[in-house]
Every structure is written in C-alpha cells, then in structure tokens.
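Structure data (compact mmCIF, C-alpha atoms) from structure.txt:
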```
# COMPACT_ATOMS: atom_id res chain seq x y z
CA MET A 154 5.62 15.96 10.78
CA THR A 155 7.04 12.61 9.89
CA LEU A 156 5.70 9.33 8.59
CA THR A 157 2.67 8.51 10.72
CA ARG A 158 2.20 5.31 12.70
CA ARG A 159 -0.53 3.23 11.17
CA LEU A 160 -3.58 1.53 12.58
CA ILE A 161 -4.55 -1.35 10.32
CA VAL A 162 -7.87 -3.16 10.57
CA CYS A 163 -7.94 -6.86 9.71
CA LEU A 164 -11.07 -8.67 8.55
CA ASP A 165 -11.28 -12.46 8.17
CA VAL A 166 -13.15 -13.25 4.97
CA ARG A 167 -14.66 -16.64 4.23
CA ASP A 168 -16.60 -17.35 1.05
CA GLY A 169 -17.14 -13.64 0.50
CA ARG A 170 -18.37 -12.75 3.99
CA VAL A 171 -16.60 -11.34 7.02
CA VAL A 172 -16.57 -13.92 9.78
CA LYS A 173 -15.54 -13.88 13.38
CA GLY A 174 -14.60 -16.75 15.62
CA THR A 175 -11.99 -18.17 17.89
CA ARG A 176 -9.05 -19.67 16.05
CA PHE A 177 -10.99 -20.59 12.96
CA VAL A 178 -13.80 -22.36 14.88
CA ASN A 179 -17.28 -21.22 15.87
CA LEU A 180 -17.29 -18.84 12.92
CA ARG A 181 -20.10 -16.33 12.83
CA ASP A 182 -21.12 -14.07 9.96
CA VAL A 183 -20.60 -10.41 10.83
CA GLY A 184 -21.23 -8.71 7.52
CA ASP A 185 -20.26 -7.66 4.04
CA PRO A 186 -16.53 -7.00 3.58
CA VAL A 187 -17.08 -4.08 1.20
CA GLU A 188 -19.35 -2.25 3.62
CA LEU A 189 -17.26 -2.99 6.69
CA ALA A 190 -14.04 -1.87 4.99
CA ALA A 191 -15.64 1.39 3.86
CA ARG A 192 -16.98 1.97 7.36
CA TYR A 193 -13.53 1.51 8.93
CA GLU A 194 -12.10 3.96 6.39
CA ALA A 195 -14.71 6.51 7.39
CA GLU A 196 -13.79 5.97 11.06
CA GLY A 197 -10.12 6.70 10.33
CA ALA A 198 -8.46 3.33 9.74
CA ASP A 199 -5.20 3.79 7.81
CA GLU A 200 -5.34 0.50 5.94
CA ILE A 201 -7.48 -2.60 5.60
CA VAL A 202 -6.34 -6.23 5.49
CA PHE A 203 -8.54 -9.04 4.22
CA LEU A 204 -7.36 -12.42 5.37
CA ASP A 205 -8.99 -15.08 3.23
CA ILE A 206 -9.84 -18.17 5.24
CA SER A 207 -12.03 -19.77 2.60
CA ALA A 208 -11.68 -23.50 2.54
CA SER A 209 -12.68 -23.99 -1.08
CA VAL A 210 -11.67 -22.95 -4.58
CA GLU A 211 -15.11 -21.33 -5.01
CA GLY A 212 -14.47 -19.26 -1.89
CA ARG A 213 -11.23 -17.93 -3.37
CA GLY A 214 -12.99 -16.97 -6.58
CA THR A 215 -15.47 -15.05 -4.48
CA LEU A 216 -12.61 -13.22 -2.77
CA LEU A 217 -11.37 -11.80 -6.08
CA ASP A 218 -14.85 -10.44 -6.69
CA VAL A 219 -14.90 -8.97 -3.19
CA ALA A 220 -11.51 -7.33 -3.84
CA ARG A 221 -12.83 -5.77 -7.03
CA ARG A 222 -15.94 -4.36 -5.37
CA THR A 223 -13.96 -3.15 -2.36
CA ALA A 224 -11.34 -1.35 -4.46
CA GLU A 225 -14.09 0.65 -6.15
CA LYS A 226 -15.33 1.93 -2.80
CA LEU A 227 -12.23 1.99 -0.64
CA PHE A 228 -9.72 4.82 -1.00
CA ILE A 229 -7.14 3.60 1.49
CA PRO A 230 -4.72 0.71 0.91
CA LEU A 231 -6.06 -2.84 0.85
CA THR A 232 -3.86 -5.86 1.59
CA ILE A 233 -5.07 -9.36 0.81
CA GLY A 234 -3.55 -12.51 2.27
CA GLY A 235 -4.38 -16.16 2.55
CA GLY A 236 -3.76 -18.84 -0.02
CA VAL A 237 -1.39 -16.85 -2.25
CA ARG A 238 0.94 -19.48 -3.76
CA SER A 239 2.78 -17.98 -6.72
CA ALA A 240 3.71 -14.78 -8.51
CA ALA A 241 0.76 -15.52 -10.81
CA ASP A 242 -1.54 -15.53 -7.75
CA VAL A 243 -0.02 -12.22 -6.66
CA ALA A 244 -0.74 -10.77 -10.10
CA GLN A 245 -4.32 -11.98 -9.95
CA VAL A 246 -4.98 -10.56 -6.49
CA LEU A 247 -3.39 -7.18 -7.33
CA ARG A 248 -5.26 -7.03 -10.59
CA ALA A 249 -8.49 -7.77 -8.76
CA GLY A 250 -8.06 -4.76 -6.48
CA ALA A 251 -5.49 -5.33 -3.74
CA ASP A 252 -2.64 -2.85 -3.27
CA LYS A 253 -0.48 -5.32 -1.38
CA VAL A 254 -0.40 -9.07 -1.08
CA ALA A 255 0.55 -10.96 2.08
CA ILE A 256 2.47 -14.17 1.47
CA ASN A 257 3.03 -16.70 4.24
CA SER A 258 3.25 -20.48 3.73
CA ALA A 259 4.13 -20.20 0.04
CA ALA A 260 7.29 -18.22 0.82
CA VAL A 261 8.42 -20.85 3.34
CA LEU A 262 7.96 -23.56 0.71
CA ARG A 263 9.66 -21.51 -2.02
CA PRO A 264 11.25 -18.19 -0.97
CA ALA A 265 11.84 -17.18 -4.61
CA VAL A 266 8.14 -16.31 -4.85
CA LEU A 267 8.99 -13.10 -2.95
CA GLU A 268 11.68 -12.11 -5.47
CA GLU A 269 9.45 -12.87 -8.42
CA ALA A 270 6.61 -10.77 -7.04
CA ALA A 271 8.89 -7.86 -6.07
CA ALA A 272 10.58 -7.80 -9.49
CA MET A 273 7.25 -7.50 -11.27
CA PHE A 274 5.28 -5.27 -8.95
CA GLY A 275 7.82 -3.59 -6.66
CA ALA A 276 8.75 -4.46 -3.08
CA GLN A 277 6.14 -2.06 -1.69
CA CYS A 278 3.32 -4.45 -2.54
CA VAL A 279 4.95 -7.61 -1.18
CA VAL A 280 4.16 -8.28 2.47
CA SER A 281 5.81 -11.22 4.22
CA SER A 282 3.36 -12.57 6.71
CA ILE A 283 5.17 -14.40 9.51
CA ASP A 284 3.38 -16.39 12.23
CA ALA A 285 5.74 -16.92 15.16
CA LYS A 286 5.49 -18.98 18.32
CA MET A 287 7.94 -19.49 21.17
CA VAL A 288 9.32 -23.03 21.11
CA ASP A 289 12.21 -24.06 23.42
CA GLY A 290 13.36 -20.51 24.01
CA SER A 291 13.25 -19.17 20.47
CA TRP A 292 10.61 -17.88 18.09
CA ARG A 293 9.74 -20.47 15.50
CA VAL A 294 7.91 -19.86 12.21
CA PHE A 295 4.61 -21.70 11.75
CA THR A 296 2.66 -22.08 8.52
CA ASN A 297 -0.82 -23.11 7.43
CA GLY A 298 -2.62 -20.74 9.77
CA GLY A 299 -0.43 -21.70 12.73
CA ARG A 300 -0.98 -25.43 12.37
CA THR A 301 2.38 -26.52 10.97
CA ALA A 302 5.71 -25.99 12.75
CA THR A 303 8.84 -25.31 10.70
CA ASP A 304 12.54 -25.34 11.64
CA LEU A 305 12.87 -21.64 10.78
CA ASP A 306 13.85 -19.06 13.39
CA ALA A 307 11.41 -16.15 13.03
CA VAL A 308 14.05 -13.40 13.29
CA GLU A 309 16.36 -15.04 10.76
CA TRP A 310 13.40 -15.71 8.50
CA ALA A 311 12.31 -12.06 8.63
CA ARG A 312 15.82 -11.01 7.52
CA LYS A 313 15.72 -13.52 4.71
CA CYS A 314 12.30 -12.32 3.55
CA GLU A 315 13.65 -8.77 3.41
CA ARG A 316 16.66 -9.87 1.33
CA ARG A 317 14.31 -11.74 -0.98
CA GLY A 318 12.27 -8.63 -1.72
CA ALA A 319 9.56 -8.24 0.94
CA GLY A 320 8.68 -4.58 1.46
CA GLU A 321 6.94 -5.12 4.78
CA ILE A 322 6.73 -7.75 7.51
CA LEU A 323 3.35 -8.61 9.02
CA LEU A 324 4.39 -10.29 12.26
CA THR A 325 1.81 -12.28 14.21
CA SER A 326 2.48 -13.75 17.63
CA ILE A 327 0.58 -17.04 17.77
CA ASP A 328 1.11 -17.08 21.55
CA ARG A 329 -0.73 -13.78 21.93
CA ASP A 330 -3.24 -14.05 19.08
CA GLY A 331 -6.76 -13.75 20.47
CA SER A 332 -5.49 -13.46 24.08
CA ARG A 333 -6.01 -9.70 24.47
CA ASP A 334 -2.97 -9.69 26.79
CA GLY A 335 -1.12 -7.19 24.58
CA TYR A 336 1.24 -7.65 21.65
CA ASP A 337 4.45 -9.63 22.08
CA LEU A 338 6.77 -6.64 22.58
CA ASP A 339 10.01 -8.65 22.69
CA LEU A 340 9.24 -10.48 19.47
CA THR A 341 8.19 -7.29 17.69
CA ARG A 342 11.21 -5.29 18.88
CA THR A 343 13.65 -8.07 17.98
CA VAL A 344 12.29 -8.35 14.44
CA ALA A 345 11.90 -4.58 13.97
CA ASP A 346 15.57 -4.11 14.94
CA ALA A 347 16.69 -6.94 12.66
CA VAL A 348 15.15 -5.60 9.45
CA SER A 349 14.94 -2.25 7.63
CA VAL A 350 11.49 -2.70 6.15
CA PRO A 351 8.42 -1.64 8.15
CA VAL A 352 7.04 -4.14 10.67
CA ILE A 353 3.31 -4.50 11.35
CA ALA A 354 2.63 -6.01 14.78
CA SER A 355 -0.27 -8.41 15.10
CA GLY A 356 -1.80 -10.61 17.75
CA GLY A 357 -2.85 -9.76 21.28
CA ALA A 358 -4.35 -6.27 21.20
CA GLY A 359 -6.74 -5.93 24.14
CA ALA A 360 -6.86 -2.17 24.61
CA ALA A 361 -5.65 1.11 23.12
CA ARG A 362 -2.66 1.10 25.47
CA ASP A 363 -1.38 -2.09 23.77
CA VAL A 364 -1.31 -0.36 20.38
CA VAL A 365 0.70 2.54 21.81
CA GLU A 366 3.11 0.16 23.58
CA VAL A 367 3.87 -1.99 20.57
CA ILE A 368 4.76 1.12 18.58
CA GLN A 369 6.73 2.87 21.32
CA SER A 370 8.39 -0.05 23.04
CA GLY A 371 8.02 -2.74 20.37
CA ARG A 372 9.22 -0.30 17.66
CA ALA A 373 6.51 -1.42 15.25
CA ASP A 374 5.62 0.89 12.36
CA ALA A 375 2.02 -0.18 12.44
CA ALA A 376 -0.39 -2.11 14.63
CA LEU A 377 -2.96 -4.54 13.31
CA VAL A 378 -6.22 -4.86 15.19
CA ALA A 379 -9.21 -7.11 14.62
CA GLY A 380 -11.26 -8.68 17.42
CA ILE A 381 -11.34 -5.69 19.76
CA LEU A 382 -12.98 -3.62 17.02
CA HIS A 383 -15.36 -6.27 15.77
CA ASP A 384 -16.49 -7.06 19.32
CA GLY A 385 -17.02 -3.39 20.12
CA VAL A 386 -14.38 -3.30 22.88
CA THR A 387 -13.04 -0.08 21.36
CA THR A 388 -13.25 1.98 18.17
CA VAL A 389 -10.79 3.21 15.55
CA TYR A 390 -11.43 6.73 16.81
CA GLU A 391 -10.61 5.80 20.40
CA LEU A 392 -7.45 3.95 19.38
CA LYS A 393 -6.18 6.83 17.28
CA THR A 394 -7.00 9.36 19.99
CA CYS A 395 -4.96 7.32 22.43
CA MET A 396 -2.07 7.15 19.94
CA ARG A 397 -2.21 10.92 19.47
CA GLU A 398 -2.29 11.57 23.22
CA ALA A 399 0.83 9.43 23.54
CA SER A 400 2.48 11.87 21.07
CA LEU A 401 2.68 9.32 18.26
CA PRO A 402 2.36 10.90 14.81
CA VAL A 403 -1.02 9.80 13.45
CA ARG A 404 -3.23 10.75 10.56
CA ASP A 405 -6.48 12.56 11.34
CA ALA A 406 -9.48 11.11 9.59
CA ALA A 407 -10.63 13.57 6.92
CA MET B 233 -15.92 11.61 -31.07
CA ASN B 234 -18.81 11.42 -28.69
CA GLY B 235 -18.22 14.79 -27.05
CA LYS B 236 -16.98 13.26 -23.83
CA THR B 237 -13.66 14.16 -22.30
CA ILE B 238 -11.38 11.16 -22.66
CA ILE B 239 -9.01 10.31 -19.84
CA THR B 240 -6.59 7.54 -20.73
CA VAL B 241 -4.80 5.54 -18.07
CA PHE B 242 -1.65 3.89 -19.37
CA ASP B 243 -1.62 0.26 -18.28
CA TYR B 244 1.83 -1.25 -17.61
CA GLY B 245 0.15 -4.58 -16.99
CA ALA B 246 0.84 -4.51 -13.27
CA GLY B 247 -1.15 -3.73 -10.23
CA ASN B 248 -4.49 -2.54 -8.97
CA MET B 249 -6.18 0.15 -11.05
CA HIS B 250 -9.72 -0.07 -9.71
CA SER B 251 -9.53 2.69 -7.12
CA LEU B 252 -7.81 5.03 -9.58
CA LEU B 253 -10.34 4.36 -12.34
CA LYS B 254 -13.16 4.91 -9.88
CA ALA B 255 -11.66 8.18 -8.65
CA LEU B 256 -11.21 9.45 -12.24
CA ASP B 257 -14.71 8.52 -13.35
CA ILE B 258 -16.52 11.62 -12.16
CA GLY B 259 -19.61 11.26 -14.31
CA ALA B 260 -21.28 11.37 -17.66
CA ASP B 261 -18.96 13.94 -19.25
CA VAL B 262 -15.94 11.72 -18.89
CA GLU B 263 -14.85 8.46 -20.44
CA VAL B 264 -11.98 6.71 -18.68
CA ARG B 265 -9.99 4.29 -20.83
CA LEU B 266 -7.23 1.82 -20.13
CA GLN B 267 -4.56 1.54 -22.81
CA THR B 268 -1.52 -0.74 -23.05
CA ASP B 269 -0.11 0.79 -26.25
CA PRO B 270 1.91 3.92 -25.42
CA GLU B 271 1.27 5.65 -28.75
CA ALA B 272 -2.45 4.90 -28.79
CA ALA B 273 -2.58 6.25 -25.22
CA LEU B 274 -1.84 9.71 -26.61
CA GLU B 275 -5.13 9.90 -28.52
CA THR B 276 -6.77 11.45 -25.50
CA ASP B 277 -7.71 14.67 -23.74
CA ALA B 278 -5.65 13.75 -20.70
CA LEU B 279 -3.20 11.05 -19.75
CA VAL B 280 -2.61 9.26 -16.45
CA LEU B 281 0.57 7.32 -15.68
CA PRO B 282 -0.40 5.22 -12.67
CA GLY B 283 1.73 4.24 -9.78
CA VAL B 284 2.08 0.53 -9.41
CA GLY B 285 4.99 -1.61 -10.58
CA ALA B 286 8.73 -1.69 -10.95
CA PHE B 287 10.64 0.95 -12.95
CA SER B 288 12.34 -1.36 -15.47
CA ASN B 289 9.17 -3.26 -16.29
CA ALA B 290 7.22 -0.04 -16.83
CA ALA B 291 10.02 1.62 -18.83
CA GLY B 292 10.05 -1.40 -21.10
CA ARG B 293 6.32 -1.14 -21.69
CA LEU B 294 6.63 2.56 -22.52
CA ALA B 295 9.75 2.32 -24.69
CA SER B 296 8.15 2.08 -28.14
CA GLY B 297 6.11 5.24 -27.59
CA ALA B 298 8.43 7.15 -25.29
CA PRO B 299 9.53 9.91 -27.73
CA ALA B 300 5.93 10.61 -28.78
CA MET B 301 4.77 10.64 -25.16
CA ARG B 302 7.59 12.99 -24.17
CA ASP B 303 6.66 15.39 -26.98
CA ALA B 304 2.96 15.24 -26.08
CA ILE B 305 3.64 16.01 -22.42
CA LEU B 306 6.05 18.85 -23.19
CA GLY B 307 3.54 20.08 -25.78
CA GLY B 308 0.92 20.55 -23.08
CA LEU B 309 -1.10 17.31 -22.83
CA PRO B 310 -2.64 17.37 -19.35
CA THR B 311 -1.01 14.46 -17.53
CA LEU B 312 -1.27 13.12 -14.00
CA CYS B 313 1.69 10.97 -12.98
CA ILE B 314 1.43 8.95 -9.78
CA CYS B 315 4.35 7.44 -7.82
CA LEU B 316 6.15 5.26 -10.38
CA GLY B 317 4.41 7.38 -13.04
CA MET B 318 6.13 10.48 -11.61
CA GLN B 319 9.47 8.66 -11.61
CA LEU B 320 9.01 7.80 -15.29
CA LEU B 321 9.09 11.53 -16.10
CA PHE B 322 12.83 11.50 -15.28
CA ASP B 323 15.86 10.17 -17.17
CA ASP B 324 16.60 6.97 -15.29
CA SER B 325 16.37 5.19 -11.94
CA GLU B 326 18.65 3.44 -9.46
CA GLU B 327 15.91 0.82 -9.16
CA GLY B 328 16.91 -0.82 -12.42
CA PRO B 329 17.82 -0.46 -16.08
CA GLY B 330 15.64 1.25 -18.63
CA ALA B 331 15.06 4.82 -19.79
CA GLY B 332 12.41 7.12 -18.40
CA LEU B 333 10.63 9.65 -20.58
CA GLY B 334 13.22 12.36 -19.95
CA VAL B 335 10.54 15.03 -19.58
CA ILE B 336 12.27 16.43 -16.49
CA PRO B 337 16.07 16.29 -16.43
CA GLY B 338 17.15 14.35 -13.37
CA HIS B 339 17.35 10.94 -11.80
CA VAL B 340 15.42 8.64 -9.51
CA ARG B 341 17.40 7.58 -6.45
CA ARG B 342 16.87 5.32 -3.46
CA LEU B 343 15.49 6.89 -0.27
CA ARG B 344 18.21 7.71 2.25
CA ALA B 345 16.58 6.36 5.40
CA LYS B 346 16.72 3.38 7.70
CA ARG B 347 13.14 2.25 7.04
CA VAL B 348 12.76 1.64 3.32
CA PRO B 349 10.28 1.36 1.67
CA GLN B 350 8.50 4.34 3.11
CA ILE B 351 5.03 2.94 3.66
CA GLY B 352 2.33 5.04 5.23
CA TRP B 353 0.85 8.51 5.53
CA ASN B 354 3.17 11.49 5.41
CA GLU B 355 2.94 15.24 5.08
CA VAL B 356 2.91 17.00 1.71
CA GLU B 357 4.77 20.22 2.54
CA SER B 358 3.32 22.87 0.26
CA LEU B 359 1.40 26.11 0.27
CA ASP B 360 -0.77 24.83 -2.58
CA GLU B 361 -4.20 24.18 -1.10
CA ALA B 362 -5.20 21.93 -3.98
CA LEU B 363 -2.78 19.29 -2.70
CA PRO B 364 -3.70 16.87 0.10
CA GLN B 365 -1.90 17.85 3.30
CA VAL B 366 -1.31 14.26 4.31
CA ALA B 367 -1.15 11.44 1.80
CA TYR B 368 -0.34 7.76 1.47
CA PHE B 369 3.15 6.87 0.22
CA ALA B 370 4.55 3.46 -0.70
CA ASN B 371 7.98 3.94 -2.26
CA SER B 372 11.64 2.99 -2.00
CA TYR B 373 12.78 5.52 -4.62
CA VAL B 374 12.34 9.27 -5.04
CA CYS B 375 12.90 11.84 -7.79
CA ASP B 376 15.86 14.19 -7.89
CA PRO B 377 15.30 16.93 -10.50
CA ASP B 378 18.47 18.69 -11.73
CA ASP B 379 16.63 22.00 -11.46
CA PRO B 380 14.48 22.39 -8.32
CA ASP B 381 12.21 24.93 -10.03
CA CYS B 382 9.75 22.18 -11.00
CA ILE B 383 9.23 21.13 -7.36
CA THR B 384 5.94 22.27 -5.84
CA ALA B 385 5.97 20.16 -2.67
CA TYR B 386 8.43 18.32 -0.47
CA THR B 387 8.03 15.40 1.91
CA THR B 388 10.43 14.21 4.58
CA HIS B 389 11.03 10.57 5.47
CA GLU B 390 13.33 10.28 8.47
CA ARG B 391 15.98 12.81 7.42
CA ASP B 392 15.54 12.57 3.69
CA ARG B 393 13.62 15.55 2.27
CA PHE B 394 12.54 14.80 -1.28
CA ALA B 395 10.37 16.23 -4.06
CA SER B 396 6.87 14.82 -3.56
CA VAL B 397 5.16 16.95 -6.23
CA VAL B 398 6.62 18.28 -9.50
CA THR B 399 4.97 20.26 -12.27
CA VAL B 400 5.99 20.84 -15.88
CA ALA B 401 3.80 22.17 -18.72
CA ASN B 402 0.30 20.83 -17.92
CA THR B 403 1.70 17.80 -16.12
CA ILE B 404 1.74 17.12 -12.41
CA GLY B 405 3.71 14.29 -10.85
CA VAL B 406 2.98 13.16 -7.31
CA GLN B 407 5.05 10.66 -5.33
CA PHE B 408 2.06 9.74 -3.12
CA HIS B 409 -1.00 7.73 -4.11
CA PRO B 410 -3.96 10.12 -4.23
CA GLU B 411 -6.31 7.22 -5.03
CA LYS B 412 -5.27 5.67 -1.70
CA SER B 413 -5.27 8.89 0.31
CA SER B 414 -8.91 8.79 1.33
CA ARG B 415 -11.15 11.80 0.79
CA ALA B 416 -8.47 14.47 0.27
CA GLY B 417 -6.71 12.30 -2.30
CA VAL B 418 -9.84 11.53 -4.26
CA SER B 419 -10.74 15.23 -4.44
CA PHE B 420 -7.27 15.94 -5.79
CA VAL B 421 -7.82 13.41 -8.60
CA ARG B 422 -11.26 14.85 -9.32
CA ASP B 423 -9.84 18.38 -9.44
CA PHE B 424 -7.42 17.18 -12.11
CA VAL B 425 -10.28 15.75 -14.18
CA ASN B 426 -12.39 18.86 -13.73
CA GLY B 427 -9.43 20.96 -14.84
CA VAL B 428 -9.30 18.98 -18.09
CA ILE B 429 -13.05 19.24 -18.77
CA ARG B 430 -13.24 23.00 -18.43
```
Translate this file's structure into structure tokens.
Amino acid sequence: MTLTRRLIVCLDVRDGRVVKGTRFVNLRDVGDPVELAARYEAEGADEIVFLDISASVEGRGTLLDVARRTAEKLFIPLTIGGGVRSAADVAQVLRAGADKVAINSAAVLRPAVLEEAAAMFGAQCVVSSIDAKMVDGSWRVFTNGGRTATDLDAVEWARKCERRGAGEILLTSIDRDGSRDGYDLDLTRTVADAVSVPVIASGGAGAARDVVEVIQSGRADAALVAGILHDGVTTVYELKTCMREASLPVRDAA
Amino acid sequence: MNGKTIITVFDYGAGNMHSLLKALDIGADVEVRLQTDPEAALETDALVLPGVGAFSNAAGRLASGAPAMRDAILGGLPTLCICLGMQLLFDDSEEGPGAGLGVIPGHVRRLRAKRVPQIGWNEVESLDEALPQVAYFANSYVCDPDDPDCITAYTTHERDRFASVVTVANTIGVQFHPEKSSRAGVSFVRDFVNGVIR
C-alpha cells in the first residue's frame, strides 16, 4: 500500500455552531461542531476542517473553546482556518486543539507569517489556503472569503507559499464553490504539478465521481467536501466506496 | 505518592496536546501530567515525548536535561515517543541544528519523495499486532538508525521505505501519530499505558 488519498470534511463554524448557507448568506444552524466532527470520524472521514466564519471577537473566543472540546473527542486530524492573522494566532489555535492551521488573507498581506509558523511548529501544520478565481484568462487569488481581488497569480502564489514554509495547499475554486458542477480539474492539476507539497482540492463537489476525478485527473492528494454531505446528497461511506472502486488507495474506517 | 501511575508528557511549548492527553488518560489509576522541565519530567512512571513542533526548537527545550533523560530511557523508563519525539531519540537532524538525545545511534534525514511532507494515512508494515495497520503521518523527516536491529516496522512513502517504529529498552518510537489515527491509534496508546500500570 501507499499513502492513501484523503477525504476531508469541512464544517463552517459561526459563534460556536455549525452553520450552512449559500455564500455566507441565509445561514442556518445545523448542529454542534464537536458532535458533528465525531460523527464524521465514525463514518470514516480522514480529517476535519473547521472554517471559522464568526463575525465577532466573541465568536472567535468561542471557536477556541470548540477546538478544545473537539480535540478531546476527535482522534483524527483537525484543521482550523478563518481569521488567523499572526504566528501568535497560530500558536493559540494549535494550543487550543487544532493539528493544522489554515492561513489565507494574512499570508497575502504578510507572507512571512508562513515562515514564522513553520519555524516554530513545523511545516506539516501550516496550510496555505488559496481562493482562486478565473479573471481574464488566469487564476487570480482572492482574499477575505472571496470578496477582495488581488494581483497575485494563484499558481505563482502557491509556489511562493511552499517556499515560505507551507506544508499543504488548500485550493478552493471560487468559480466552482457551491455549484456542484465538479472540482476545477485544470486549476487543481496546474497547482498540484507546480508544487511538491500535498494539494487539497475544494469547491464544486456534486457527486462521488467528482472526488475520484479530482484525485485521478486533477492530481489532488485529498478532496474536501462540505455541502453534499451536510445536505444528505451522499455520505462519507458512499464517497469512500466509490474511491475504492476506482482503485484509489483509501483508508477503511475502523 | 498517591498510588496512581504517573504518565508525564514533556511539553516543548508547541502544538496541540489535547487528543494525546485524552488518549493517555485511561481512568482513575492514572495521572497524566504536562511538564516543561526536562529533568522534572523524569520523576514519573512513564514518559511521553509528543510529536508536534520543529526539531531545533524541541532540542533546545530538552537540552538542559538531555543527559539525564538519555540515561533514564536507556535505564528502562517506559517511554512513548511520537513523530518528532521519535526523531529526538537520534543524534541529530537535517531539519536544523541542535542535538537529539542520542539514545539510538543514527540520524534524522529528509524524506526522499516528490510529495513532502508526507501527510495522510499510510501502512505500518509489521507483524506486530499491537501496532495499528494504517496510521496518520505528518512528517518531512524520517529516522535512519545506524543499526537496523531496533526497527520493528517500516512504512513506504512513494519509493522511500523508512523506519516507522523503533524500540530500545522499554521505549517505543513511532513516526505516525497514534492520537490522530482514530480507534486503532487510541488503543495503541492505551496499550502503552496499561503496560506501564501492570
């Protein structure tokens, strides 16, 4: 056997609760993050990501408490992203219970934050989260949850993040996010070929076939799924069965 | 003493310890402690060197108590060393400056693979049924013992086959993260604790 391909479940967390909605609007409470994370572990998820979309300082404080309670119940890796600004924030989130921290806008503002975090905690816990959107024929990096355009080319930026110390790239296609039309295979493949660190594909999963395709044809190491699980379109079990049938190396849930 | 078995986790001041502490805390007979002083950490029934951080930072935190810790481990203190903790058993690392404990002669080298770090679930190739068969790894560096006799399991990333479990005296070093390897990993940690209690 070789290193397995991972299925990663992402939960949006706001003020300590898992919420669901379309592009940050019409948010609806769907449950307790600790319980949902543990349930996805039991179903065979390989990792969990909490994306903090709290609007307030109080909400962020709540997230640290959620991380702590989750880490005591969850025995698979937990990544936390959203609002991480500095190496001190990284330390706080790791200390609270995350195994990896996803950094997005803060790295665009000051790329050295990646180096600082990697030097202290090791590259394996530093995830560069990149939101990319096609603009005039090339993939452009966006920040602030997809609201702010930058001048950065997503492929170049991914290379730079790797040089700066990122141990993984979490690559989200803004064009596909929420569409359920499948992952952006070209974007994923281009970035996966440009860097040596693992690439997690995100945005656009509509069916199990999409997960298989982004790993086989998009050359992603892992696929992130959210909406299709939360809406009951499919299950972790079904996704992993499909991956296995496509001869991808996957972990069996214990 | 309160009659409880004391398990001390050495704290390098970096990273998430909650899942590990929870996995070690198997009940009323056990007291799990966190300790930042390497010499004080040896006043224990068993020691755990956890797995999160960078080699140089951790080596620096250990330095003042390294000779005592080396003697304790070679003298039979039951010790569980996870990921970076396993690497600290060796002499030095390509990751950065600083001395390891030198418990096992050998070096820590970078993985020889295209995708580095190795992040994800991989096979633990061993006949030892106490080990998880598949476990979660998150590492850019691996251990290269001078004498392969201490190796009890191998793992292969791309074409690089490396030592994923080593044993010496009453110490076991694992390159994977048992506390992140779901049920099989947690039972492995609990077996270690139960082995100390007996």
For atom CA of Val406 of chain B and atom CA of Val280 of chain B, determine how far apart the two atoms are, in Å to one decimal place.
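Separation between atom CA of Val406 of chain B and atom CA of Val280 of chain B: 11.4 Å.
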Residue neighbourhood Gly356 of chain A, 9 Å, all atoms listed in the file, exclusion window fewer than 3 positions, as an NGL selection string:
:A and (324-333 or 335-337 or 377-379)
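Minimum distance to chain A across B:Ala304, B:Leu320, B:Val425, B:Ala416 (counting only C-alpha atoms) occurs at B:Ala416.
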So which one's closest to chain B, A:Val183, A:Ala358, A:Ala271, A:Ala399? Using only C-alpha atoms, please.
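That would be A:Ala271, the residue with the smallest distance to chain B.
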Within 6 Å of chain A, which residues belong to chain B? Use only C-alpha atoms and report them as a list in words.
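My answer is Gly247, Asn248, His250, Ser251, Lys254, Gly285, Ala286, Lys346, Arg347, Val348, Trp353, Asn354, Ala370, Glu411, Lys412, Ser413 and Ser414 of chain B.
Relative to atom CA of Glu390 of chain B, atom CA of Ser358 of chain B is found at 18.1 Å.
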Around the point (-9.5, 11.3, -9.3) (coordinates from the file), which residues reach within 7 Å if we count all atoms listed in the file? Answer as a PyMOL selection string.
chain B and resi 252+255-256+411+418-422+424-425
Now that the selection is made, can you save its residues with C-alpha atoms as a PDB file, in the coordinates of the input?
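The new file out.pdb reads:
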```pdb
ATOM      1  CA  LEU B 252      -7.810   5.030  -9.580  1.00  0.00           C
ATOM      2  CA  ALA B 255     -11.660   8.180  -8.650  1.00  0.00           C
ATOM      3  CA  LEU B 256     -11.210   9.450 -12.240  1.00  0.00           C
ATOM      4  CA  GLU B 411      -6.310   7.220  -5.030  1.00  0.00           C
ATOM      5  CA  VAL B 418      -9.840  11.530  -4.260  1.00  0.00           C
ATOM      6  CA  SER B 419     -10.740  15.230  -4.440  1.00  0.00           C
ATOM      7  CA  PHE B 420      -7.270  15.940  -5.790  1.00  0.00           C
ATOM      8  CA  VAL B 421      -7.820  13.410  -8.600  1.00  0.00           C
ATOM      9  CA  ARG B 422     -11.260  14.850  -9.320  1.00  0.00           C
ATOM     10  CA  PHE B 424      -7.420  17.180 -12.110  1.00  0.00           C
ATOM     11  CA  VAL B 425     -10.280  15.750 -14.180  1.00  0.00           C
TER      12      VAL B 425
END
```
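With atom CA of Arg263 of chain A on one side and atom CA of Met249 of chain B on the other, the separation reads 28.3 Å.
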With all atoms listed in the file as the atoms that count, which of A:Leu160, A:Leu204, A:Val280, A:Ile322 lies nearest to Ile368 of chain A?
A:Leu160
Set the distance at 8 Å and use only C-alpha atoms: which residues neighbour Tyr193 of chain A once local chain neighbours fewer than 4 positions away are removed? I'd like the list as a CSV table (one decimal) with C-alpha atoms, in the frame of the given file.
```
chain,number,residue,atom,x,y,z
A,162,VAL,CA,-7.9,-3.2,10.6
A,189,LEU,CA,-17.3,-3.0,6.7
A,197,GLY,CA,-10.1,6.7,10.3
A,198,ALA,CA,-8.5,3.3,9.7
A,389,VAL,CA,-10.8,3.2,15.6
```
